[in-house]
$ cat work21.cif   # mmCIF, C-alpha atoms, pLDDT in the B column; chains and numbers go by the auth columns
data_final
#
loop_
_atom_site.group_PDB
_atom_site.id
_atom_site.type_symbol
_atom_site.label_atom_id
_atom_site.label_comp_id
_atom_site.label_asym_id
_atom_site.label_seq_id
_atom_site.Cartn_x
_atom_site.Cartn_y
_atom_site.Cartn_z
_atom_site.B_iso_or_equiv
_atom_site.auth_seq_id
_atom_site.auth_asym_id
ATOM 1 C CA MET A 1 -146.166 -50.671 57.991 68.00 21 A
ATOM 2 C CA GLY A 2 -146.799 -48.212 55.152 80.00 22 A
ATOM 3 C CA LYS A 3 -144.732 -45.449 56.769 85.00 23 A
ATOM 4 C CA GLY A 4 -141.827 -47.860 57.346 84.00 24 A
ATOM 5 C CA CYS A 5 -141.823 -48.908 53.682 88.00 25 A
ATOM 6 C CA LEU A 6 -142.004 -45.290 52.575 87.00 26 A
ATOM 7 C CA VAL A 7 -139.075 -44.317 54.813 87.00 27 A
ATOM 8 C CA ALA A 8 -137.070 -47.356 53.684 87.00 28 A
ATOM 9 C CA GLY A 9 -137.855 -46.500 50.050 87.00 29 A
ATOM 10 C CA ILE A 10 -136.766 -42.894 50.518 90.00 30 A
ATOM 11 C CA VAL A 11 -133.535 -43.985 52.267 89.00 31 A
ATOM 12 C CA LEU A 12 -132.847 -46.491 49.479 91.00 32 A
ATOM 13 C CA LEU A 13 -133.516 -43.856 46.824 91.00 33 A
ATOM 14 C CA VAL A 14 -131.173 -41.380 48.560 91.00 34 A
ATOM 15 C CA LEU A 15 -128.459 -44.055 48.785 93.00 35 A
ATOM 16 C CA VAL A 16 -128.843 -44.939 45.102 91.00 36 A
ATOM 17 C CA LEU A 17 -128.661 -41.251 44.155 93.00 37 A
ATOM 18 C CA LEU A 18 -125.586 -40.714 46.333 93.00 38 A
ATOM 19 C CA VAL A 19 -123.775 -43.773 44.973 91.00 39 A
ATOM 20 C CA GLY A 20 -124.811 -42.940 41.397 90.00 40 A
ATOM 21 C CA GLY A 21 -123.721 -39.319 41.792 91.00 41 A
ATOM 22 C CA SER A 22 -120.426 -40.407 43.287 91.00 42 A
ATOM 23 C CA LEU A 23 -119.765 -42.852 40.437 91.00 43 A
ATOM 24 C CA MET A 24 -120.708 -40.221 37.876 93.00 44 A
ATOM 25 C CA GLY A 25 -118.353 -37.728 39.550 92.00 45 A
ATOM 26 C CA MET A 26 -115.472 -40.225 39.531 93.00 46 A
ATOM 27 C CA TYR A 27 -116.102 -41.110 35.881 94.00 47 A
ATOM 28 C CA ASN A 28 -116.255 -37.450 34.846 94.00 48 A
ATOM 29 C CA GLY A 29 -113.036 -36.799 36.767 94.00 49 A
ATOM 30 C CA MET A 30 -111.275 -39.566 34.842 95.00 50 A
ATOM 31 C CA VAL A 31 -112.606 -38.222 31.544 94.00 51 A
ATOM 32 C CA ALA A 32 -111.348 -34.738 32.450 94.00 52 A
ATOM 33 C CA LYS A 33 -107.871 -36.069 33.308 95.00 53 A
ATOM 34 C CA ASP A 34 -107.801 -38.118 30.103 94.00 54 A
ATOM 35 C CA GLU A 35 -108.687 -35.036 28.067 95.00 55 A
ATOM 36 C CA GLU A 36 -106.024 -33.052 29.915 95.00 56 A
ATOM 37 C CA CYS A 37 -103.478 -35.663 28.752 94.00 57 A
ATOM 38 C CA ASN A 38 -104.785 -35.402 25.173 93.00 58 A
ATOM 39 C CA LYS A 39 -104.435 -31.630 25.257 94.00 59 A
ATOM 40 C CA ALA A 40 -100.934 -31.797 26.714 94.00 60 A
ATOM 41 C CA TRP A 41 -99.886 -34.307 24.046 91.00 61 A
ATOM 42 C CA ALA A 42 -101.331 -32.072 21.318 91.00 62 A
ATOM 43 C CA ASN A 43 -99.164 -29.237 22.655 91.00 63 A
ATOM 44 C CA VAL A 44 -96.089 -31.503 22.486 89.00 64 A
ATOM 45 C CA GLU A 45 -96.973 -32.381 18.890 88.00 65 A
ATOM 46 C CA SER A 46 -97.398 -28.714 18.053 88.00 66 A
ATOM 47 C CA VAL A 47 -93.873 -27.803 19.094 88.00 67 A
ATOM 48 C CA LEU A 48 -92.466 -30.974 17.533 85.00 68 A
ATOM 49 C CA GLN A 49 -94.155 -29.867 14.298 86.00 69 A
ATOM 50 C CA ARG A 50 -92.460 -26.478 14.665 85.00 70 A
ATOM 51 C CA ARG A 51 -89.098 -28.250 14.899 84.00 71 A
ATOM 52 C CA PHE A 52 -90.102 -30.407 11.937 84.00 72 A
ATOM 53 C CA ASP A 53 -90.794 -27.258 9.902 84.00 73 A
ATOM 54 C CA LEU A 54 -87.493 -25.577 10.842 82.00 74 A
ATOM 55 C CA ILE A 55 -85.233 -28.509 10.018 80.00 75 A
ATOM 56 C CA PRO A 56 -85.208 -28.195 6.183 80.00 76 A
ATOM 57 C CA ASN A 57 -84.126 -24.550 6.395 78.00 77 A
ATOM 58 C CA LEU A 58 -81.384 -25.393 8.867 77.00 78 A
ATOM 59 C CA VAL A 59 -80.156 -28.381 6.847 75.00 79 A
ATOM 60 C CA ASN A 60 -80.091 -26.373 3.612 75.00 80 A
ATOM 61 C CA THR A 61 -78.112 -23.597 5.284 73.00 81 A
ATOM 62 C CA VAL A 62 -75.580 -26.063 6.666 73.00 82 A
ATOM 63 C CA LYS A 63 -75.306 -27.955 3.340 70.00 83 A
ATOM 64 C CA GLY A 64 -73.601 -25.041 1.680 66.00 84 A
ATOM 65 C CA TYR A 65 -70.866 -24.978 4.304 65.00 85 A
ATOM 66 C CA ALA A 66 -70.504 -28.611 5.271 63.00 86 A
ATOM 67 C CA ALA A 67 -70.853 -30.660 2.116 61.00 87 A
ATOM 68 C CA HIS A 68 -68.642 -33.457 3.446 56.00 88 A
ATOM 69 C CA GLU A 69 -70.918 -33.915 6.483 67.00 89 A
ATOM 70 C CA LYS A 70 -73.479 -35.517 4.207 70.00 90 A
ATOM 71 C CA GLY A 71 -74.230 -38.491 6.492 73.00 91 A
ATOM 72 C CA THR A 72 -75.385 -36.360 9.394 76.00 92 A
ATOM 73 C CA LEU A 73 -77.496 -34.164 7.129 75.00 93 A
ATOM 74 C CA GLU A 74 -79.099 -37.201 5.486 80.00 94 A
ATOM 75 C CA GLU A 75 -79.865 -38.750 8.878 82.00 95 A
ATOM 76 C CA VAL A 76 -81.602 -35.587 10.093 81.00 96 A
ATOM 77 C CA THR A 77 -83.613 -35.431 6.862 81.00 97 A
ATOM 78 C CA ARG A 78 -84.504 -39.151 7.064 85.00 98 A
ATOM 79 C CA LEU A 79 -85.663 -38.854 10.688 85.00 99 A
ATOM 80 C CA ARG A 80 -87.664 -35.748 9.863 81.00 100 A
ATOM 81 C CA SER A 81 -89.493 -37.761 7.192 84.00 101 A
ATOM 82 C CA GLN A 82 -90.076 -40.619 9.636 86.00 102 A
ATOM 83 C CA TRP A 83 -91.588 -38.230 12.176 81.00 103 A
ATOM 84 C CA GLY A 84 -93.888 -36.836 9.495 81.00 104 A
ATOM 85 C CA ALA A 85 -95.023 -40.365 8.631 87.00 105 A
ATOM 86 C CA ALA A 86 -95.449 -41.560 12.240 87.00 106 A
ATOM 87 C CA LYS A 87 -99.066 -42.379 13.049 87.00 107 A
ATOM 88 C CA THR A 88 -99.146 -43.284 16.728 86.00 108 A
ATOM 89 C CA GLN A 89 -98.019 -41.399 19.780 83.00 109 A
ATOM 90 C CA ALA A 90 -95.425 -44.096 20.535 81.00 110 A
ATOM 91 C CA GLU A 91 -93.974 -43.858 17.010 85.00 111 A
ATOM 92 C CA LYS A 92 -93.760 -40.074 17.261 84.00 112 A
ATOM 93 C CA VAL A 93 -92.063 -40.244 20.665 81.00 113 A
ATOM 94 C CA GLY A 94 -89.486 -42.733 19.344 83.00 114 A
ATOM 95 C CA VAL A 95 -88.665 -40.766 16.221 84.00 115 A
ATOM 96 C CA ALA A 96 -88.603 -37.447 18.123 84.00 116 A
ATOM 97 C CA SER A 97 -86.047 -38.937 20.517 81.00 117 A
ATOM 98 C CA MET A 98 -83.856 -40.173 17.652 83.00 118 A
ATOM 99 C CA LEU A 99 -84.221 -36.800 15.934 82.00 119 A
ATOM 100 C CA GLU A 100 -82.970 -35.044 19.063 82.00 120 A
ATOM 101 C CA GLY A 101 -79.792 -37.135 18.945 80.00 121 A
ATOM 102 C CA ALA A 102 -79.281 -36.398 15.254 81.00 122 A
ATOM 103 C CA MET A 103 -79.896 -32.687 15.847 80.00 123 A
ATOM 104 C CA GLY A 104 -77.254 -32.776 18.591 79.00 124 A
ATOM 105 C CA ARG A 105 -74.770 -34.269 16.124 76.00 125 A
ATOM 106 C CA LEU A 106 -75.760 -31.628 13.566 76.00 126 A
ATOM 107 C CA MET A 107 -75.041 -28.903 16.105 75.00 127 A
ATOM 108 C CA VAL A 108 -71.588 -30.432 16.684 74.00 128 A
ATOM 109 C CA VAL A 109 -70.956 -30.344 12.924 71.00 129 A
ATOM 110 C CA MET A 110 -72.023 -26.715 12.800 71.00 130 A
ATOM 111 C CA GLU A 111 -69.570 -25.794 15.561 72.00 131 A
ATOM 112 C CA ASN A 112 -66.714 -26.780 13.217 72.00 132 A
ATOM 113 C CA TYR A 113 -67.588 -24.039 10.690 70.00 133 A
ATOM 114 C CA PRO A 114 -66.867 -20.532 12.002 68.00 134 A
ATOM 115 C CA GLU A 115 -68.081 -18.893 8.783 70.00 135 A
ATOM 116 C CA LEU A 116 -71.372 -20.770 9.127 66.00 136 A
ATOM 117 C CA LYS A 117 -71.775 -19.607 12.721 64.00 137 A
ATOM 118 C CA ALA A 118 -71.363 -16.014 11.479 65.00 138 A
ATOM 119 C CA ASN A 119 -74.047 -16.373 8.761 71.00 139 A
ATOM 120 C CA GLN A 120 -77.115 -14.302 9.709 75.00 140 A
ATOM 121 C CA ASN A 121 -79.610 -16.814 8.280 74.00 141 A
ATOM 122 C CA PHE A 122 -77.956 -19.575 10.236 73.00 142 A
ATOM 123 C CA ILE A 123 -77.906 -17.542 13.449 77.00 143 A
ATOM 124 C CA ALA A 124 -81.613 -16.772 13.093 80.00 144 A
ATOM 125 C CA LEU A 125 -82.453 -20.431 12.390 77.00 145 A
ATOM 126 C CA GLN A 126 -80.317 -21.606 15.288 79.00 146 A
ATOM 127 C CA ASP A 127 -82.090 -19.174 17.620 83.00 147 A
ATOM 128 C CA GLU A 128 -85.490 -20.377 16.366 84.00 148 A
ATOM 129 C CA LEU A 129 -84.459 -23.983 16.861 82.00 149 A
ATOM 130 C CA ALA A 130 -83.108 -23.294 20.365 84.00 150 A
ATOM 131 C CA GLY A 131 -86.387 -21.596 21.291 87.00 151 A
ATOM 132 C CA THR A 132 -88.317 -24.518 19.863 86.00 152 A
ATOM 133 C CA GLU A 133 -86.249 -27.028 21.840 85.00 153 A
ATOM 134 C CA ASN A 134 -87.056 -25.069 25.009 88.00 154 A
ATOM 135 C CA ARG A 135 -90.762 -25.132 24.127 90.00 155 A
ATOM 136 C CA ILE A 136 -90.580 -28.873 23.505 87.00 156 A
ATOM 137 C CA ASN A 137 -89.069 -29.374 26.946 88.00 157 A
ATOM 138 C CA VAL A 138 -91.756 -27.263 28.636 92.00 158 A
ATOM 139 C CA GLU A 139 -94.590 -29.061 26.827 92.00 159 A
ATOM 140 C CA ARG A 140 -93.092 -32.468 27.644 90.00 160 A
ATOM 141 C CA GLN A 141 -93.011 -31.517 31.310 93.00 161 A
ATOM 142 C CA ARG A 142 -96.643 -30.411 31.138 95.00 162 A
ATOM 143 C CA TYR A 143 -97.602 -33.630 29.370 94.00 163 A
ATOM 144 C CA ASN A 144 -95.775 -35.740 31.950 94.00 164 A
ATOM 145 C CA GLY A 145 -97.527 -33.809 34.730 95.00 165 A
ATOM 146 C CA ALA A 146 -100.913 -34.478 33.132 96.00 166 A
ATOM 147 C CA VAL A 147 -100.042 -38.167 32.700 95.00 167 A
ATOM 148 C CA GLN A 148 -98.969 -38.390 36.332 96.00 168 A
ATOM 149 C CA GLY A 149 -102.252 -36.870 37.525 96.00 169 A
ATOM 150 C CA TYR A 150 -104.293 -39.149 35.272 96.00 170 A
ATOM 151 C CA ASN A 151 -102.364 -42.313 36.189 95.00 171 A
ATOM 152 C CA THR A 152 -102.601 -41.468 39.893 96.00 172 A
ATOM 153 C CA LEU A 153 -106.371 -40.996 39.618 95.00 173 A
ATOM 154 C CA ILE A 154 -107.055 -44.270 37.792 95.00 174 A
ATOM 155 C CA ARG A 155 -104.805 -46.229 40.156 94.00 175 A
ATOM 156 C CA SER A 156 -106.284 -44.760 43.364 93.00 176 A
ATOM 157 C CA MET A 157 -109.138 -46.172 45.380 91.00 177 A
ATOM 158 C CA PRO A 158 -112.072 -46.146 44.780 90.00 178 A
ATOM 159 C CA THR A 159 -111.712 -44.895 41.185 92.00 179 A
ATOM 160 C CA LEU A 160 -109.504 -47.910 40.411 92.00 180 A
ATOM 161 C CA PHE A 161 -112.532 -50.194 40.057 92.00 181 A
ATOM 162 C CA LEU A 162 -114.525 -47.810 37.922 93.00 182 A
ATOM 163 C CA ALA A 163 -111.466 -47.065 35.748 94.00 183 A
ATOM 164 C CA ARG A 164 -111.010 -50.763 35.021 94.00 184 A
ATOM 165 C CA LEU A 165 -114.704 -51.255 34.278 93.00 185 A
ATOM 166 C CA ALA A 166 -114.789 -48.222 31.975 93.00 186 A
ATOM 167 C CA GLY A 167 -111.576 -49.190 30.155 94.00 187 A
ATOM 168 C CA PHE A 168 -109.317 -46.351 31.312 95.00 188 A
ATOM 169 C CA ALA A 169 -105.710 -47.496 30.908 94.00 189 A
ATOM 170 C CA ALA A 170 -102.476 -46.013 32.210 94.00 190 A
ATOM 171 C CA ARG A 171 -100.593 -43.670 29.885 93.00 191 A
ATOM 172 C CA ALA A 172 -96.854 -43.655 29.283 89.00 192 A
ATOM 173 C CA PRO A 173 -94.923 -40.498 30.079 89.00 193 A
ATOM 174 C CA PHE A 174 -92.586 -38.915 27.548 82.00 194 A
ATOM 175 C CA GLU A 175 -89.134 -40.250 28.401 78.00 195 A
ATOM 176 C CA ALA A 176 -85.670 -39.160 27.330 67.00 196 A
ATOM 177 C CA ALA A 177 -84.006 -40.953 24.453 65.00 197 A
ATOM 178 C CA GLN A 178 -81.518 -43.641 25.283 64.00 198 A
ATOM 179 C CA GLY A 179 -78.093 -42.029 25.674 59.00 199 A
ATOM 180 C CA ALA A 180 -79.546 -38.550 26.255 55.00 200 A
ATOM 181 C CA GLU A 181 -77.694 -38.313 29.540 52.00 201 A
ATOM 182 C CA THR A 182 -74.416 -37.984 27.592 59.00 202 A
ATOM 183 C CA ALA A 183 -73.814 -34.634 25.943 49.00 203 A
ATOM 184 C CA PRO A 184 -72.373 -34.721 22.416 49.00 204 A
ATOM 185 C CA ALA A 185 -68.675 -33.895 22.248 48.00 205 A
ATOM 186 C CA VAL A 186 -67.833 -30.556 20.646 39.00 206 A
ATOM 187 C CA GLU A 187 -64.315 -30.286 19.256 41.00 207 A
ATOM 188 C CA PHE A 188 -62.768 -27.215 17.699 31.00 208 A
#
$ encode --input "work21.cif" --output "structure tokens"
Amino acid sequence: MGKGCLVAGIVLLVLVLLVGGSLMGMYNGMVAKDEECNKAWANVESVLQRRFDLIPNLVNTVKGYAAHEKGTLEEVTRLRSQWGAAKTQAEKVGVASMLEGAMGRLMVVMENYPELKANQNFIALQDELAGTENRINVERQRYNGAVQGYNTLIRSMPTLFLARLAGFAARAPFEAAQGAETAPAVEF
């Protein structure tokens, strides 16, 4: 009887350790994926900040050539301020999307000024901004990939149950602004 209890105790202990280790592994996996999403979002914010920093120089350069395009310039400046004041990820995503649309309209305005397009400061700023927009796109794709991996993990069995118990919630991917599928019209 004593050997049977000892064997049963050892088997029970091994099962508890296996289940506990498995749960700990799943939890740590979810934490790692969550942190991967945080890192990817921080990279998106970094390149959005770069755009944020370039905008005043670009707007000031355009102002000298396109004084009557005041509305577009004011909108870009207003949205830049809103992005700087945004606190949550959702607010930043919304303002960044609106800012992209305004920047597209600003680029259309700039196309109407050949002397502006020949200005060396403007050309350098436009190149910086184009590079930044490419970086933003790359970081968004990385963020969306991290979100997909995280969301897949917390919605898959058996981690689904542990994710719910531990409070892991699905994350929203970075989506294109409404109307982004339509390119702005450029008229000469």
$ atom_distance --input "work21.cif" --atom1 "atom CA of A:Val113" --atom2 "atom CA of A:Lys59"
15.8 Å
$ atom_distance --input "work21.cif" --atom1 "atom CA of A:Pro193" --atom2 "atom CA of A:Gln168"
7.7 Å
$ atom_distance --input "work21.cif" --atom1 "atom CA of A:Glu195" --atom2 "atom CA of A:Met123"
17.3 Å
$ residues_around --input "work21.cif" --residues "stretch 149-159 of chain A" --least-positions-apart "4" --cutoff "8 Å" --atoms "all atoms listed in the file" --output "list in words"
Ala60, Trp61, Asn63, Val64, Val67, Leu68, Arg70, Arg71, Leu74, Leu145 and Tyr163 of chain A
$ closest_residue --input "work21.cif" --among "A:Ile174, A:Val128, A:Leu37, A:Ala106" --to "A:Gln69" --atoms "only C-alpha atoms"
A:Ala106
$ resolve_selection --input "work21.cif" --expression "the PyMOL selection byres ((chain A and resi 76) around 12)" --output "list in words"
Arg70, Arg71, Phe72, Asp73, Leu74, Ile75, Asn77, Leu78, Val79, Asn80, Thr81, Val82, Lys83, Leu93, Glu94, Val96, Thr97, Arg98, Leu99, Arg100, Ser101, Met123, Phe142, Leu145 and Leu149 of chain A
$ write_last_selection --input "work21.cif" --atoms "C-alpha atoms" --output "tab-separated table (two decimals), in the coordinates of the input"
chain	number	residue	atom	x	y	z
A	70	ARG	CA	-92.46	-26.48	14.66
A	71	ARG	CA	-89.10	-28.25	14.90
A	72	PHE	CA	-90.10	-30.41	11.94
A	73	ASP	CA	-90.79	-27.26	9.90
A	74	LEU	CA	-87.49	-25.58	10.84
A	75	ILE	CA	-85.23	-28.51	10.02
A	77	ASN	CA	-84.13	-24.55	6.40
A	78	LEU	CA	-81.38	-25.39	8.87
A	79	VAL	CA	-80.16	-28.38	6.85
A	80	ASN	CA	-80.09	-26.37	3.61
A	81	THR	CA	-78.11	-23.60	5.28
A	82	VAL	CA	-75.58	-26.06	6.67
A	83	LYS	CA	-75.31	-27.96	3.34
A	93	LEU	CA	-77.50	-34.16	7.13
A	94	GLU	CA	-79.10	-37.20	5.49
A	96	VAL	CA	-81.60	-35.59	10.09
A	97	THR	CA	-83.61	-35.43	6.86
A	98	ARG	CA	-84.50	-39.15	7.06
A	99	LEU	CA	-85.66	-38.85	10.69
A	100	ARG	CA	-87.66	-35.75	9.86
A	101	SER	CA	-89.49	-37.76	7.19
A	123	MET	CA	-79.90	-32.69	15.85
A	142	PHE	CA	-77.96	-19.58	10.24
A	145	LEU	CA	-82.45	-20.43	12.39
A	149	LEU	CA	-84.46	-23.98	16.86
$ resolve_selection --input "work21.cif" --expression "the PyMOL selection byres ((chain A and resi 114) around 10)" --output "MDAnalysis selection string"
chainID A and resid 102:103 106 109:113 115:119 194:198
$ axis_aligned_box --input "work21.cif" --around "stretch 150-164 of chain A" --padding-each-side "5 Å" --output "AutoDock Vina command-line options"
--center_x -90.4 --center_y -28.7 --center_z 25.9 --size_x 24.5 --size_y 24.1 --size_z 22.1
$ closest_residue --input "work21.cif" --among "A:Gln161, A:Thr179, A:Asn132, A:Gln146" --to "A:Ser42" --atoms "only C-alpha atoms"
A:Thr179
$ resolve_selection --input "work21.cif" --expression "the PyMOL selection byres ((chain A and resi 57) around 9)" --output "ChimeraX atom specification"
/A:52-56,58-62,162-167,169-170,191
$ closest_residue --input "work21.cif" --among "A:Val27, A:Pro178, A:Asn139, A:Met127" --to "A:Gly45" --atoms "only C-alpha atoms"
A:Pro178
$ residues_around --input "work21.cif" --residues "A:Phe188" --least-positions-apart "3" --cutoff "8 Å" --atoms "all atoms listed in the file" --output "list in words"
Met50, Ile174, Ala183, Arg184 and Leu185 of chain A
